[in-house]
Every structure is written in structure tokens, then in C-alpha cells.
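Enquirer: Next up, coords.cif (mmCIF, C-alpha atoms; chains and numbers go by the auth columns).
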```cif
data_upload
#
loop_
_atom_site.group_PDB
_atom_site.id
_atom_site.type_symbol
_atom_site.label_atom_id
_atom_site.label_comp_id
_atom_site.label_asym_id
_atom_site.label_seq_id
_atom_site.Cartn_x
_atom_site.Cartn_y
_atom_site.Cartn_z
_atom_site.B_iso_or_equiv
_atom_site.auth_seq_id
_atom_site.auth_asym_id
ATOM 1 C CA MET A 1 111.926 72.843 79.055 0.00 1 B
ATOM 2 C CA LEU A 2 112.229 76.012 76.988 0.00 2 B
ATOM 3 C CA ARG A 3 115.954 75.508 76.622 0.00 3 B
ATOM 4 C CA ARG A 4 115.446 71.900 75.561 0.00 4 B
ATOM 5 C CA TRP A 5 113.272 73.328 72.802 0.00 5 B
ATOM 6 C CA LYS A 6 116.181 75.619 71.895 0.00 6 B
ATOM 7 C CA VAL A 7 114.458 78.780 73.118 0.00 7 B
ATOM 8 C CA ASP A 8 116.961 81.517 74.002 0.00 8 B
ATOM 9 C CA VAL A 9 116.055 82.304 77.644 0.00 9 B
ATOM 10 C CA VAL A 10 117.734 85.621 78.465 0.00 10 B
ATOM 11 C CA ALA A 11 116.533 86.011 82.055 0.00 11 B
ATOM 12 C CA TYR A 12 113.735 85.179 84.467 0.00 12 B
ATOM 13 C CA GLY A 13 112.898 85.807 88.093 0.00 13 B
ATOM 14 C CA PRO A 14 110.788 87.775 90.582 0.00 14 B
ATOM 15 C CA SER A 15 109.895 91.416 90.128 0.00 15 B
ATOM 16 C CA LEU A 16 111.704 93.830 92.429 0.00 16 B
ATOM 17 C CA HIS A 17 108.458 95.688 93.191 0.00 17 B
ATOM 18 C CA ASP A 18 106.167 92.733 93.933 0.00 18 B
ATOM 19 C CA THR A 19 107.122 89.276 95.256 0.00 19 B
ATOM 20 C CA ASP A 20 104.027 87.802 93.539 0.00 20 B
ATOM 21 C CA SER A 21 105.091 89.027 90.078 0.00 21 B
ATOM 22 C CA TYR A 22 107.622 87.305 87.817 0.00 22 B
ATOM 23 C CA PHE A 23 109.121 87.887 84.409 0.00 23 B
ATOM 24 C CA LEU A 24 110.406 85.648 81.615 0.00 24 B
ATOM 25 C CA MET A 25 112.605 87.208 78.939 0.00 25 B
ATOM 26 C CA ARG A 26 113.305 85.348 75.682 0.00 26 B
ATOM 27 C CA ALA A 27 115.186 86.381 72.532 0.00 27 B
ATOM 28 C CA PHE A 28 114.176 85.575 68.936 0.00 28 B
ATOM 29 C CA ASP A 29 115.590 86.500 65.553 0.00 29 B
ATOM 30 C CA GLY A 30 112.288 88.089 64.567 0.00 30 B
ATOM 31 C CA ILE A 31 108.496 88.031 64.896 0.00 31 B
ATOM 32 C CA GLU A 32 108.062 85.113 62.514 0.00 32 B
ATOM 33 C CA GLN A 33 110.709 83.034 64.291 0.00 33 B
ATOM 34 C CA ARG A 34 109.086 83.840 67.636 0.00 34 B
ATOM 35 C CA GLN A 35 105.687 82.637 66.431 0.00 35 B
ATOM 36 C CA LYS A 36 107.137 79.457 64.961 0.00 36 B
ATOM 37 C CA SER A 37 109.080 78.703 68.134 0.00 37 B
ATOM 38 C CA GLU A 38 106.107 79.300 70.435 0.00 38 B
ATOM 39 C CA ASP A 39 103.745 77.248 68.269 0.00 39 B
ATOM 40 C CA ALA A 40 106.183 74.334 68.437 0.00 40 B
ATOM 41 C CA PHE A 41 106.744 74.532 72.200 0.00 41 B
ATOM 42 C CA TYR A 42 103.183 75.241 73.366 0.00 42 B
ATOM 43 C CA GLY A 43 101.820 72.639 70.971 0.00 43 B
ATOM 44 C CA SER A 44 104.205 69.934 72.164 0.00 44 B
ATOM 45 C CA GLU A 45 103.139 66.915 74.215 0.00 45 B
ATOM 46 C CA GLU A 46 105.904 67.697 76.712 0.00 46 B
ATOM 47 C CA TRP A 47 104.110 70.943 77.557 0.00 47 B
ATOM 48 C CA LEU A 48 100.476 69.873 77.087 0.00 48 B
ATOM 49 C CA LYS A 49 100.833 66.609 79.039 0.00 49 B
ATOM 50 C CA GLY A 50 103.465 67.987 81.414 0.00 50 B
ATOM 51 C CA PRO A 51 103.336 71.030 83.722 0.00 51 B
ATOM 52 C CA ARG A 52 100.857 73.100 81.661 0.00 52 B
ATOM 53 C CA GLU A 53 97.894 72.866 84.042 0.00 53 B
ATOM 54 C CA ARG A 54 100.031 73.461 87.156 0.00 54 B
ATOM 55 C CA VAL A 55 101.737 76.481 85.617 0.00 55 B
ATOM 56 C CA LEU A 56 98.528 78.072 84.330 0.00 56 B
ATOM 57 C CA ALA A 57 96.824 77.543 87.707 0.00 57 B
ATOM 58 C CA ASP A 58 99.463 79.779 89.320 0.00 58 B
ATOM 59 C CA ILE A 59 98.988 82.654 86.870 0.00 59 B
ATOM 60 C CA ASP A 60 96.373 85.282 87.731 0.00 60 B
ATOM 61 C CA SER A 61 97.229 87.516 84.784 0.00 61 B
ATOM 62 C CA TYR A 62 100.053 88.103 82.338 0.00 62 B
ATOM 63 C CA THR A 63 101.244 90.659 79.810 0.00 63 B
ATOM 64 C CA THR A 64 103.363 90.064 76.714 0.00 64 B
ATOM 65 C CA ILE A 65 105.702 92.800 75.477 0.00 65 B
ATOM 66 C CA VAL A 66 107.827 92.505 72.318 0.00 66 B
ATOM 67 C CA VAL A 67 110.699 94.967 71.760 0.00 67 B
ATOM 68 C CA ARG A 68 113.620 95.220 69.340 0.00 68 B
ATOM 69 C CA LEU A 69 117.085 95.198 70.946 0.00 69 B
ATOM 70 C CA ASP A 70 120.665 95.374 69.690 0.00 70 B
ATOM 71 C CA GLU A 71 123.235 92.747 70.698 0.00 71 B
ATOM 72 C CA GLY A 72 124.972 95.037 73.192 0.00 72 B
ATOM 73 C CA THR A 73 121.758 95.664 75.116 0.00 73 B
ATOM 74 C CA LEU A 74 120.888 91.971 74.962 0.00 74 B
ATOM 75 C CA ASP A 75 124.284 91.011 76.404 0.00 75 B
ATOM 76 C CA GLY A 76 123.751 93.472 79.243 0.00 76 B
ATOM 77 C CA LEU A 77 120.347 91.958 79.995 0.00 77 B
ATOM 78 C CA ARG A 78 121.881 88.482 80.057 0.00 78 B
ATOM 79 C CA LYS A 79 124.358 89.615 82.714 0.00 79 B
ATOM 80 C CA ALA A 80 121.629 91.307 84.746 0.00 80 B
ATOM 81 C CA GLY A 81 119.436 88.258 84.268 0.00 81 B
ATOM 82 C CA GLY A 82 122.055 86.035 85.827 0.00 82 B
ATOM 83 C CA THR A 83 121.740 88.046 89.004 0.00 83 B
ATOM 84 C CA ALA A 84 117.942 87.893 88.858 0.00 84 B
ATOM 85 C CA MET A 85 117.957 84.117 88.363 0.00 85 B
ATOM 86 C CA ALA A 86 120.308 83.686 91.303 0.00 86 B
ATOM 87 C CA GLY A 87 117.941 85.829 93.349 0.00 87 B
ATOM 88 C CA ALA A 88 114.998 83.622 92.381 0.00 88 B
ATOM 89 C CA ASN A 89 116.890 80.556 93.603 0.00 89 B
ATOM 90 C CA ASP A 90 117.693 82.320 96.884 0.00 90 B
ATOM 91 C CA LEU A 91 114.027 83.232 97.403 0.00 91 B
ATOM 92 C CA ARG A 92 112.967 79.624 96.878 0.00 92 B
ATOM 93 C CA GLU A 93 115.608 78.394 99.314 0.00 93 B
ATOM 94 C CA LEU A 94 114.703 80.996 101.935 0.00 94 B
ATOM 95 C CA ALA A 95 111.004 80.156 101.614 0.00 95 B
ATOM 96 C CA LYS A 96 111.844 76.494 102.282 0.00 96 B
ATOM 97 C CA LEU A 97 114.066 77.412 105.238 0.00 97 B
ATOM 98 C CA ASN A 98 111.313 79.604 106.649 0.00 98 B
ATOM 99 C CA ASP A 99 108.925 76.662 106.483 0.00 99 B
ATOM 100 C CA ASP A 100 111.544 74.410 108.101 0.00 100 B
ATOM 101 C CA TYR A 101 111.925 76.933 110.924 0.00 101 B
ATOM 102 C CA ILE A 102 108.169 77.009 111.614 0.00 102 B
ATOM 103 C CA GLN A 103 107.876 73.229 111.465 0.00 103 B
ATOM 104 C CA SER A 104 110.861 72.871 113.786 0.00 104 B
ATOM 105 C CA VAL A 105 109.152 75.103 116.362 0.00 105 B
ATOM 106 C CA GLN A 106 105.960 73.029 116.170 0.00 106 B
ATOM 107 C CA GLN A 107 107.749 69.673 116.285 0.00 107 B
ATOM 108 C CA SER A 108 110.545 70.552 118.749 0.00 108 B
ATOM 109 C CA ASP A 109 112.988 69.560 116.013 0.00 109 B
ATOM 110 C CA VAL A 110 116.273 70.482 117.681 0.00 110 B
ATOM 111 C CA LYS A 111 118.227 68.543 115.049 0.00 111 B
ATOM 112 C CA ARG A 112 116.930 70.749 112.218 0.00 112 B
ATOM 113 C CA PHE A 113 117.452 73.915 114.239 0.00 113 B
ATOM 114 C CA ASN A 114 121.027 72.816 114.866 0.00 114 B
ATOM 115 C CA GLU A 115 121.504 72.690 111.082 0.00 115 B
ATOM 116 C CA ILE A 116 120.016 76.075 110.174 0.00 116 B
ATOM 117 C CA LEU A 117 121.008 78.350 113.071 0.00 117 B
ATOM 118 C CA ALA A 118 124.213 80.397 112.933 0.00 118 B
ATOM 119 C CA ASP A 119 126.760 79.940 115.707 0.00 119 B
ATOM 120 C CA ASP A 120 126.025 83.487 116.906 0.00 120 B
ATOM 121 C CA PHE A 121 122.234 83.155 116.629 0.00 121 B
ATOM 122 C CA LEU A 122 120.126 85.251 119.026 0.00 122 B
ATOM 123 C CA CYS A 123 116.369 85.163 119.599 0.00 123 B
ATOM 124 C CA SER A 124 114.265 87.855 121.255 0.00 124 B
ATOM 125 C CA MET A 125 111.366 86.038 122.913 0.00 125 B
ATOM 126 C CA PRO A 126 107.777 87.249 123.582 0.00 126 B
ATOM 127 C CA ASP A 127 108.616 87.693 127.288 0.00 127 B
ATOM 128 C CA ALA A 128 111.462 90.093 126.315 0.00 128 B
ATOM 129 C CA SER A 129 114.213 87.574 127.161 0.00 129 B
ATOM 130 C CA LEU A 130 117.127 87.185 124.765 0.00 130 B
ATOM 131 C CA LEU A 131 118.332 83.631 124.089 0.00 131 B
ATOM 132 C CA ASP A 132 121.654 82.691 122.553 0.00 132 B
ATOM 133 C CA ARG A 133 121.949 79.649 120.287 0.00 133 B
ATOM 134 C CA GLN A 134 122.359 77.013 123.002 0.00 134 B
ATOM 135 C CA ALA A 135 119.645 78.502 125.198 0.00 135 B
ATOM 136 C CA PHE A 136 117.298 78.556 122.214 0.00 136 B
ATOM 137 C CA LEU A 137 118.060 74.908 121.401 0.00 137 B
ATOM 138 C CA ASP A 138 117.400 73.955 125.031 0.00 138 B
ATOM 139 C CA TYR A 139 114.131 75.893 124.949 0.00 139 B
ATOM 140 C CA SER A 140 113.106 74.271 121.648 0.00 140 B
ATOM 141 C CA ALA A 141 113.674 70.796 123.087 0.00 141 B
ATOM 142 C CA LYS A 142 110.862 71.298 125.617 0.00 142 B
ATOM 143 C CA PRO A 143 107.405 69.833 124.852 0.00 143 B
ATOM 144 C CA VAL A 144 105.337 72.193 122.720 0.00 144 B
ATOM 145 C CA THR A 145 102.062 73.372 124.246 0.00 145 B
ATOM 146 C CA ILE A 146 100.643 75.000 121.102 0.00 146 B
ATOM 147 C CA SER A 147 99.350 73.287 117.966 0.00 147 B
ATOM 148 C CA ASN A 148 98.507 74.089 114.340 0.00 148 B
ATOM 149 C CA LEU A 149 101.268 76.683 114.114 0.00 149 B
ATOM 150 C CA GLN A 150 101.142 78.346 110.707 0.00 150 B
ATOM 151 C CA ALA A 151 102.892 81.244 109.029 0.00 151 B
ATOM 152 C CA TYR A 152 101.204 83.517 106.513 0.00 152 B
ATOM 153 C CA GLU A 153 101.689 86.907 104.870 0.00 153 B
ATOM 154 C CA VAL A 154 105.329 85.843 104.520 0.00 154 B
ATOM 155 C CA ASN A 155 107.478 88.669 103.137 0.00 155 B
ATOM 156 C CA ILE A 156 111.050 87.762 102.166 0.00 156 B
ATOM 157 C CA ARG A 157 113.303 90.768 101.619 0.00 157 B
ATOM 158 C CA LEU A 158 116.478 89.704 99.829 0.00 158 B
ATOM 159 C CA MET A 159 119.509 92.018 99.970 0.00 159 B
ATOM 160 C CA GLY A 160 122.457 90.169 98.478 0.00 160 B
ATOM 161 C CA ASP A 161 123.919 87.853 101.116 0.00 161 B
ATOM 162 C CA PHE A 162 121.451 89.129 103.688 0.00 162 B
ATOM 163 C CA ALA A 163 117.693 88.563 104.024 0.00 163 B
ATOM 164 C CA ILE A 164 114.882 89.559 106.384 0.00 164 B
ATOM 165 C CA ILE A 165 111.684 87.521 106.659 0.00 165 B
ATOM 166 C CA HIS A 166 108.533 89.053 108.152 0.00 166 B
ATOM 167 C CA ALA A 167 105.403 86.987 108.753 0.00 167 B
ATOM 168 C CA ARG A 168 102.269 86.604 110.809 0.00 168 B
ATOM 169 C CA THR A 169 101.462 83.436 112.750 0.00 169 B
ATOM 170 C CA SER A 170 98.393 81.669 114.026 0.00 170 B
ATOM 171 C CA TYR A 171 98.241 78.770 116.466 0.00 171 B
ATOM 172 C CA SER A 172 95.922 76.940 118.837 0.00 172 B
ATOM 173 C CA ALA A 173 96.484 77.272 122.575 0.00 173 B
ATOM 174 C CA VAL A 174 95.977 74.451 125.078 0.00 174 B
ATOM 175 C CA ASP A 175 92.429 75.628 125.780 0.00 175 B
ATOM 176 C CA GLY A 176 91.635 75.588 122.060 0.00 176 B
ATOM 177 C CA ALA A 177 91.706 79.363 121.614 0.00 177 B
ATOM 178 C CA ILE A 178 93.138 80.617 118.331 0.00 178 B
ATOM 179 C CA ASN A 179 95.938 83.093 118.928 0.00 179 B
ATOM 180 C CA GLY A 180 98.469 84.786 116.701 0.00 180 B
ATOM 181 C CA GLY A 181 101.587 86.860 116.517 0.00 181 B
ATOM 182 C CA ARG A 182 104.429 88.038 114.338 0.00 182 B
ATOM 183 C CA TYR A 183 108.054 87.193 113.801 0.00 183 B
ATOM 184 C CA THR A 184 111.023 88.715 112.048 0.00 184 B
ATOM 185 C CA ASP A 185 113.909 86.416 111.148 0.00 185 B
ATOM 186 C CA VAL A 186 117.262 87.565 109.806 0.00 186 B
ATOM 187 C CA TRP A 187 119.253 85.245 107.542 0.00 187 B
ATOM 188 C CA ALA A 188 122.791 85.540 106.195 0.00 188 B
ATOM 189 C CA ARG A 189 124.669 83.586 103.536 0.00 189 B
ATOM 190 C CA ARG A 190 127.874 82.292 105.101 0.00 190 B
ATOM 191 C CA ASN A 191 130.289 80.042 103.253 0.00 191 B
ATOM 192 C CA GLY A 192 127.648 79.551 100.566 0.00 192 B
ATOM 193 C CA LYS A 193 124.925 78.484 103.028 0.00 193 B
ATOM 194 C CA TRP A 194 121.925 80.429 104.355 0.00 194 B
ATOM 195 C CA VAL A 195 121.739 80.412 108.170 0.00 195 B
ATOM 196 C CA ALA A 196 119.452 82.186 110.637 0.00 196 B
ATOM 197 C CA VAL A 197 121.378 84.786 112.616 0.00 197 B
ATOM 198 C CA SER A 198 118.554 86.311 114.659 0.00 198 B
ATOM 199 C CA ALA A 199 114.837 86.117 115.363 0.00 199 B
ATOM 200 C CA HIS A 200 112.283 88.323 117.080 0.00 200 B
ATOM 201 C CA VAL A 201 108.945 86.830 118.156 0.00 201 B
ATOM 202 C CA THR A 202 105.772 88.528 119.383 0.00 202 B
ATOM 203 C CA ARG A 203 102.506 86.894 120.447 0.00 203 B
ATOM 204 C CA LYS A 204 99.112 88.181 121.509 0.00 204 B
#
```
Kindly transcribe the structure held in the file into C-alpha cells.
Expert:
Amino acid sequence: MLRRWKVDVVAYGPSLHDTDSYFLMRAFDGIEQRQKSEDAFYGSEEWLKGPRERVLADIDSYTTIVVRLDEGTLDGLRKAGGTAMAGANDLRELAKLNDDYIQSVQQSDVKRFNEILADDFLCSMPDASLLDRQAFLDYSAKPVTISNLQAYEVNIRLMGDFAIIHARTSYSAVDGAINGGRYTDVWARRNGKWVAVSAHVTRK
């Protein structure tokens, strides 16, 4: 939307120190041009009747900083911003894949697992057994005895073409008891596609 309103978006993405913090960097010719541009965008029907409420609901707090930069520094930030924006896309994709993984466990969705597991996938199970890809698919095809499986405190650590996801889980046992555990999944980008290469699961 900003670009449609001819706003020069230099970079955006998640903070490196906090996965719940994000930045948006824009360039203007000067303070007056910035004010004019923002008044036009934030006063537009596209913003007011569009995603405004959804966006503001996700913001706990924000800080605005205005600095003066030369063109060389700005060009450098654009290059760095390209990497940050790519990282933001990867984080969104990995978050979706993490959810797919959890839902596939709950629903015995072997078809989805077959799509997102690497050929050399290995899983360390709560009973200390180690399953290769085919053994894991066979195990996943069995009827599920737990329900309401959920993941929370999800922490996605992105390192280029490699990512580690840590999370806690909660689920209901057959007798109705609420139990929990942890898992660590390792993902790798291969041939332009993120695939799970290993998993480690613990349960109480």
C-alpha cells in the first residue's frame, strides 16, 4: 500500500534481537515532504477502511526516529534491507510450516508430511528411538490417541538457509489429562524449498 502511494520503502522486517519487534524504514526528501506524504496516506480511504484496525491491533507500542542520511548510506541500507525483507518472508513461511507440522501430527496427515520432510529426515522420539523418514511416516499413519495438540512459545531461529524451531506443546491424553512437552525441529532450504531435516520430541 505504501508503495502504491509512492512512499519510498527502504527496508522492513523483524528485529534481530526480538522476534516480536519489527521495523519500517522509509525515505523522504525532507520533513515537510514526509508530513505531506503521511497525511495523504494515513488520511486515505484505502488505509482507513482497509487494514488500519487489524494493523493497529497488533501494535503494542512504537517509536518514530527521523535521521538525515546521504545517498551512499541510503543505498547501503537498501541492500541490507533486501536481506531483511527476505528474512521476514522466510519467518512467515517457517511459521506456516511449523503449524502444518503440528496439524499433521494431530490429524495423521501423512500426505502433508510427505511434502515437507527431507529425504534424510530423522526424528528422535520421546521413548529415545530414532526414526528415519519412512519409519516416521509409518508411525504418523497410526490413529492418534491425543487431542487438542497445540504449540506455543514458538521460537524460530533463522540462520540463512538453515533454521531451528523451538516450542512447547500441550495436549489432552485419552483419560482427559492435560499434558505437555517440547520439540526442536531443524529446517533447511534445499533447491529453494524449506524442508524439515530433523526433529526431537520430549513429553512429560
Enquirer: Hey, what comes out of the PyMOL selection byres ((chain B and resi 127) around 12) on this file? Could you write it as a ChimeraX atom specification?
Expert: /B:123-126,128-131,200-204
Enquirer: What's around B:Ser108 at 9 Å? Count all atoms listed in the file, leave out sequence neighbours fewer than 6 positions away in its own chain, and write the answer as number ranges by chain.
Expert: B: 139-144
Enquirer: Would you write out those residues with C-alpha atoms, as a JSON list (two decimals), in the coordinates of the input?
Expert:
```json
[["chain", "number", "residue", "atom", "x", "y", "z"],
["B", 139, "TYR", "CA", 114.13, 75.89, 124.95],
["B", 140, "SER", "CA", 113.11, 74.27, 121.65],
["B", 141, "ALA", "CA", 113.67, 70.80, 123.09],
["B", 142, "LYS", "CA", 110.86, 71.30, 125.62],
["B", 143, "PRO", "CA", 107.40, 69.83, 124.85],
["B", 144, "VAL", "CA", 105.34, 72.19, 122.72]]
```
Enquirer: Got a sec: who's within 12 Å of stretch 6-21 of chain B, counting all atoms listed in the file, leaving out chain neighbours fewer than 6 positions off, as a PyMOL selection string?
Expert: chain B and resi 27-29+33-42+58-63+71+73-92+95+153-159
Enquirer: Quote the spacing between atom CA of B:Ser104 and atom CA of B:Gly160 in Å to one decimal place.
Expert: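 Result for atom CA of B:Ser104 versus atom CA of B:Gly160: 25.8 Å, one decimal.
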Enquirer: Using all atoms listed in the file, find the one residue out of B:Val110, B:Leu94, B:Leu56, B:Ala167 that sits nearest to B:Trp187.
Expert: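 Of B:Val110, B:Leu94, B:Leu56, B:Ala167, the one nearest B:Trp187 is B:Leu94, counting all atoms listed in the file.
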Enquirer: Measuring between all atoms listed in the file, which one of B:Ile102, B:Ala188, B:Val67, B:Val195 shows the shortest distance to B:Tyr171?
Expert: B:Ile102
Enquirer: Which is closer to B:Thr145 than all the others in B:Val186, B:Val197, B:Val66, B:Gln106, using only C-alpha atoms?
Expert: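 When distances to B:Thr145 are compared using only C-alpha atoms, the smallest one comes from B:Gln106.
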Enquirer: Have a look at atom CA of B:Ile116 and atom CA of B:Lys193 and let me know their distance in Å, one decimal.
Expert: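 It comes out at 9.0 Å.
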Enquirer: Which residues come within 9 Å of B:Asp132, counting only C-alpha atoms, excluding same-chain residues fewer than 5 positions away, as a PyMOL selection string?
Expert: chain B and resi 119-123+137
Enquirer: Which distance in Å separates atom CA of B:Ser198 and atom CA of B:Thr184, to one decimal?
Expert: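 Here the two named atoms are 8.3 Å from each other.
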Enquirer: Of the residues B:Lys49, B:Val105, B:Ser44, B:Ile65, which is the one nearest to B:Met25, using all atoms listed in the file?
Expert: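 Among the listed residues, the smallest separation from B:Met25 belongs to B:Ile65.
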Enquirer: Where's the centre, and what are the edge lengths in Å to one decimal, of a box along x, y and z enclosing all listed atoms of stretch 92-100 of chain B padded 3 Å per side, as AutoDock Vina command-line options?
Expert:
```
--center_x 112.3 --center_y 77.7 --center_z 102.5 --size_x 12.7 --size_y 12.6 --size_z 17.2
```
Enquirer: Point out the residue among B:Lys111, B:Arg26, B:Arg189, B:Arg182 with the least atom-to-atom distance to B:His166, counting only C-alpha atoms.
Expert: B:Arg182
Enquirer: Restore N, CA and C atoms in stretch 168-195 of chain B and list the result as a PDB file, keeping the file's coordinate frame.
Expert:
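File selection.pdb, as written:
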```
ATOM      1  N   ARG B 168     103.228  86.751 109.736  1.00  0.00           N
ATOM      2  CA  ARG B 168     102.269  86.604 110.809  1.00  0.00           C
ATOM      3  C   ARG B 168     102.141  85.123 111.145  1.00  0.00           C
ATOM      4  N   THR B 169     101.678  84.821 112.350  1.00  0.00           N
ATOM      5  CA  THR B 169     101.462  83.436 112.750  1.00  0.00           C
ATOM      6  C   THR B 169     100.076  83.263 113.359  1.00  0.00           C
ATOM      7  N   SER B 170      99.600  82.052 113.299  1.00  0.00           N
ATOM      8  CA  SER B 170      98.393  81.669 114.026  1.00  0.00           C
ATOM      9  C   SER B 170      98.660  80.308 114.646  1.00  0.00           C
ATOM     10  N   TYR B 171      98.036  80.052 115.794  1.00  0.00           N
ATOM     11  CA  TYR B 171      98.241  78.770 116.466  1.00  0.00           C
ATOM     12  C   TYR B 171      97.111  78.546 117.464  1.00  0.00           C
ATOM     13  N   SER B 172      96.943  77.296 117.860  1.00  0.00           N
ATOM     14  CA  SER B 172      95.922  76.940 118.837  1.00  0.00           C
ATOM     15  C   SER B 172      96.564  76.764 120.200  1.00  0.00           C
ATOM     16  N   ALA B 173      95.993  77.408 121.205  1.00  0.00           N
ATOM     17  CA  ALA B 173      96.484  77.272 122.575  1.00  0.00           C
ATOM     18  C   ALA B 173      95.938  75.977 123.189  1.00  0.00           C
ATOM     19  N   VAL B 174      96.403  75.676 124.399  1.00  0.00           N
ATOM     20  CA  VAL B 174      95.977  74.451 125.078  1.00  0.00           C
ATOM     21  C   VAL B 174      94.466  74.418 125.264  1.00  0.00           C
ATOM     22  N   ASP B 175      93.871  75.573 125.550  1.00  0.00           N
ATOM     23  CA  ASP B 175      92.429  75.628 125.780  1.00  0.00           C
ATOM     24  C   ASP B 175      91.618  75.678 124.493  1.00  0.00           C
ATOM     25  N   GLY B 176      92.318  75.579 123.341  1.00  0.00           N
ATOM     26  CA  GLY B 176      91.635  75.588 122.060  1.00  0.00           C
ATOM     27  C   GLY B 176      91.477  76.956 121.435  1.00  0.00           C
ATOM     28  N   ALA B 177      91.825  78.002 122.150  1.00  0.00           N
ATOM     29  CA  ALA B 177      91.706  79.363 121.614  1.00  0.00           C
ATOM     30  C   ALA B 177      92.701  79.570 120.477  1.00  0.00           C
ATOM     31  N   ILE B 178      92.266  80.306 119.467  1.00  0.00           N
ATOM     32  CA  ILE B 178      93.138  80.617 118.331  1.00  0.00           C
ATOM     33  C   ILE B 178      93.837  81.941 118.601  1.00  0.00           C
ATOM     34  N   ASN B 179      95.133  81.899 118.688  1.00  0.00           N
ATOM     35  CA  ASN B 179      95.938  83.093 118.928  1.00  0.00           C
ATOM     36  C   ASN B 179      96.854  83.355 117.736  1.00  0.00           C
ATOM     37  N   GLY B 180      97.569  84.455 117.798  1.00  0.00           N
ATOM     38  CA  GLY B 180      98.469  84.786 116.701  1.00  0.00           C
ATOM     39  C   GLY B 180      99.618  85.657 117.150  1.00  0.00           C
ATOM     40  N   GLY B 181     100.443  86.010 116.208  1.00  0.00           N
ATOM     41  CA  GLY B 181     101.587  86.860 116.517  1.00  0.00           C
ATOM     42  C   GLY B 181     102.334  87.228 115.258  1.00  0.00           C
ATOM     43  N   ARG B 182     103.539  87.682 115.453  1.00  0.00           N
ATOM     44  CA  ARG B 182     104.429  88.038 114.338  1.00  0.00           C
ATOM     45  C   ARG B 182     105.838  87.595 114.651  1.00  0.00           C
ATOM     46  N   TYR B 183     106.631  87.430 113.593  1.00  0.00           N
ATOM     47  CA  TYR B 183     108.054  87.193 113.801  1.00  0.00           C
ATOM     48  C   TYR B 183     108.849  87.852 112.687  1.00  0.00           C
ATOM     49  N   THR B 184     110.060  88.196 113.015  1.00  0.00           N
ATOM     50  CA  THR B 184     111.023  88.715 112.048  1.00  0.00           C
ATOM     51  C   THR B 184     112.305  87.906 112.199  1.00  0.00           C
ATOM     52  N   ASP B 185     112.686  87.213 111.145  1.00  0.00           N
ATOM     53  CA  ASP B 185     113.909  86.416 111.148  1.00  0.00           C
ATOM     54  C   ASP B 185     114.938  87.043 110.213  1.00  0.00           C
ATOM     55  N   VAL B 186     116.169  87.035 110.626  1.00  0.00           N
ATOM     56  CA  VAL B 186     117.262  87.565 109.806  1.00  0.00           C
ATOM     57  C   VAL B 186     118.159  86.406 109.393  1.00  0.00           C
ATOM     58  N   TRP B 187     118.430  86.317 108.097  1.00  0.00           N
ATOM     59  CA  TRP B 187     119.253  85.245 107.542  1.00  0.00           C
ATOM     60  C   TRP B 187     120.470  85.837 106.840  1.00  0.00           C
ATOM     61  N   ALA B 188     121.568  85.102 106.873  1.00  0.00           N
ATOM     62  CA  ALA B 188     122.791  85.540 106.195  1.00  0.00           C
ATOM     63  C   ALA B 188     123.395  84.352 105.449  1.00  0.00           C
ATOM     64  N   ARG B 189     123.980  84.637 104.286  1.00  0.00           N
ATOM     65  CA  ARG B 189     124.669  83.586 103.536  1.00  0.00           C
ATOM     66  C   ARG B 189     126.123  83.558 104.002  1.00  0.00           C
ATOM     67  N   ARG B 190     126.510  82.450 104.618  1.00  0.00           N
ATOM     68  CA  ARG B 190     127.874  82.292 105.101  1.00  0.00           C
ATOM     69  C   ARG B 190     128.480  81.021 104.533  1.00  0.00           C
ATOM     70  N   ASN B 191     129.616  81.176 103.894  1.00  0.00           N
ATOM     71  CA  ASN B 191     130.289  80.042 103.253  1.00  0.00           C
ATOM     72  C   ASN B 191     129.349  79.320 102.300  1.00  0.00           C
ATOM     73  N   GLY B 192     128.544  80.108 101.568  1.00  0.00           N
ATOM     74  CA  GLY B 192     127.648  79.551 100.566  1.00  0.00           C
ATOM     75  C   GLY B 192     126.375  78.937 101.109  1.00  0.00           C
ATOM     76  N   LYS B 193     126.096  79.096 102.406  1.00  0.00           N
ATOM     77  CA  LYS B 193     124.925  78.484 103.028  1.00  0.00           C
ATOM     78  C   LYS B 193     124.120  79.532 103.791  1.00  0.00           C
ATOM     79  N   TRP B 194     122.789  79.517 103.612  1.00  0.00           N
ATOM     80  CA  TRP B 194     121.925  80.429 104.355  1.00  0.00           C
ATOM     81  C   TRP B 194     121.721  79.905 105.769  1.00  0.00           C
ATOM     82  N   VAL B 195     121.948  80.773 106.771  1.00  0.00           N
ATOM     83  CA  VAL B 195     121.739  80.412 108.170  1.00  0.00           C
ATOM     84  C   VAL B 195     120.991  81.539 108.867  1.00  0.00           C
TER      85      VAL B 195
END
```
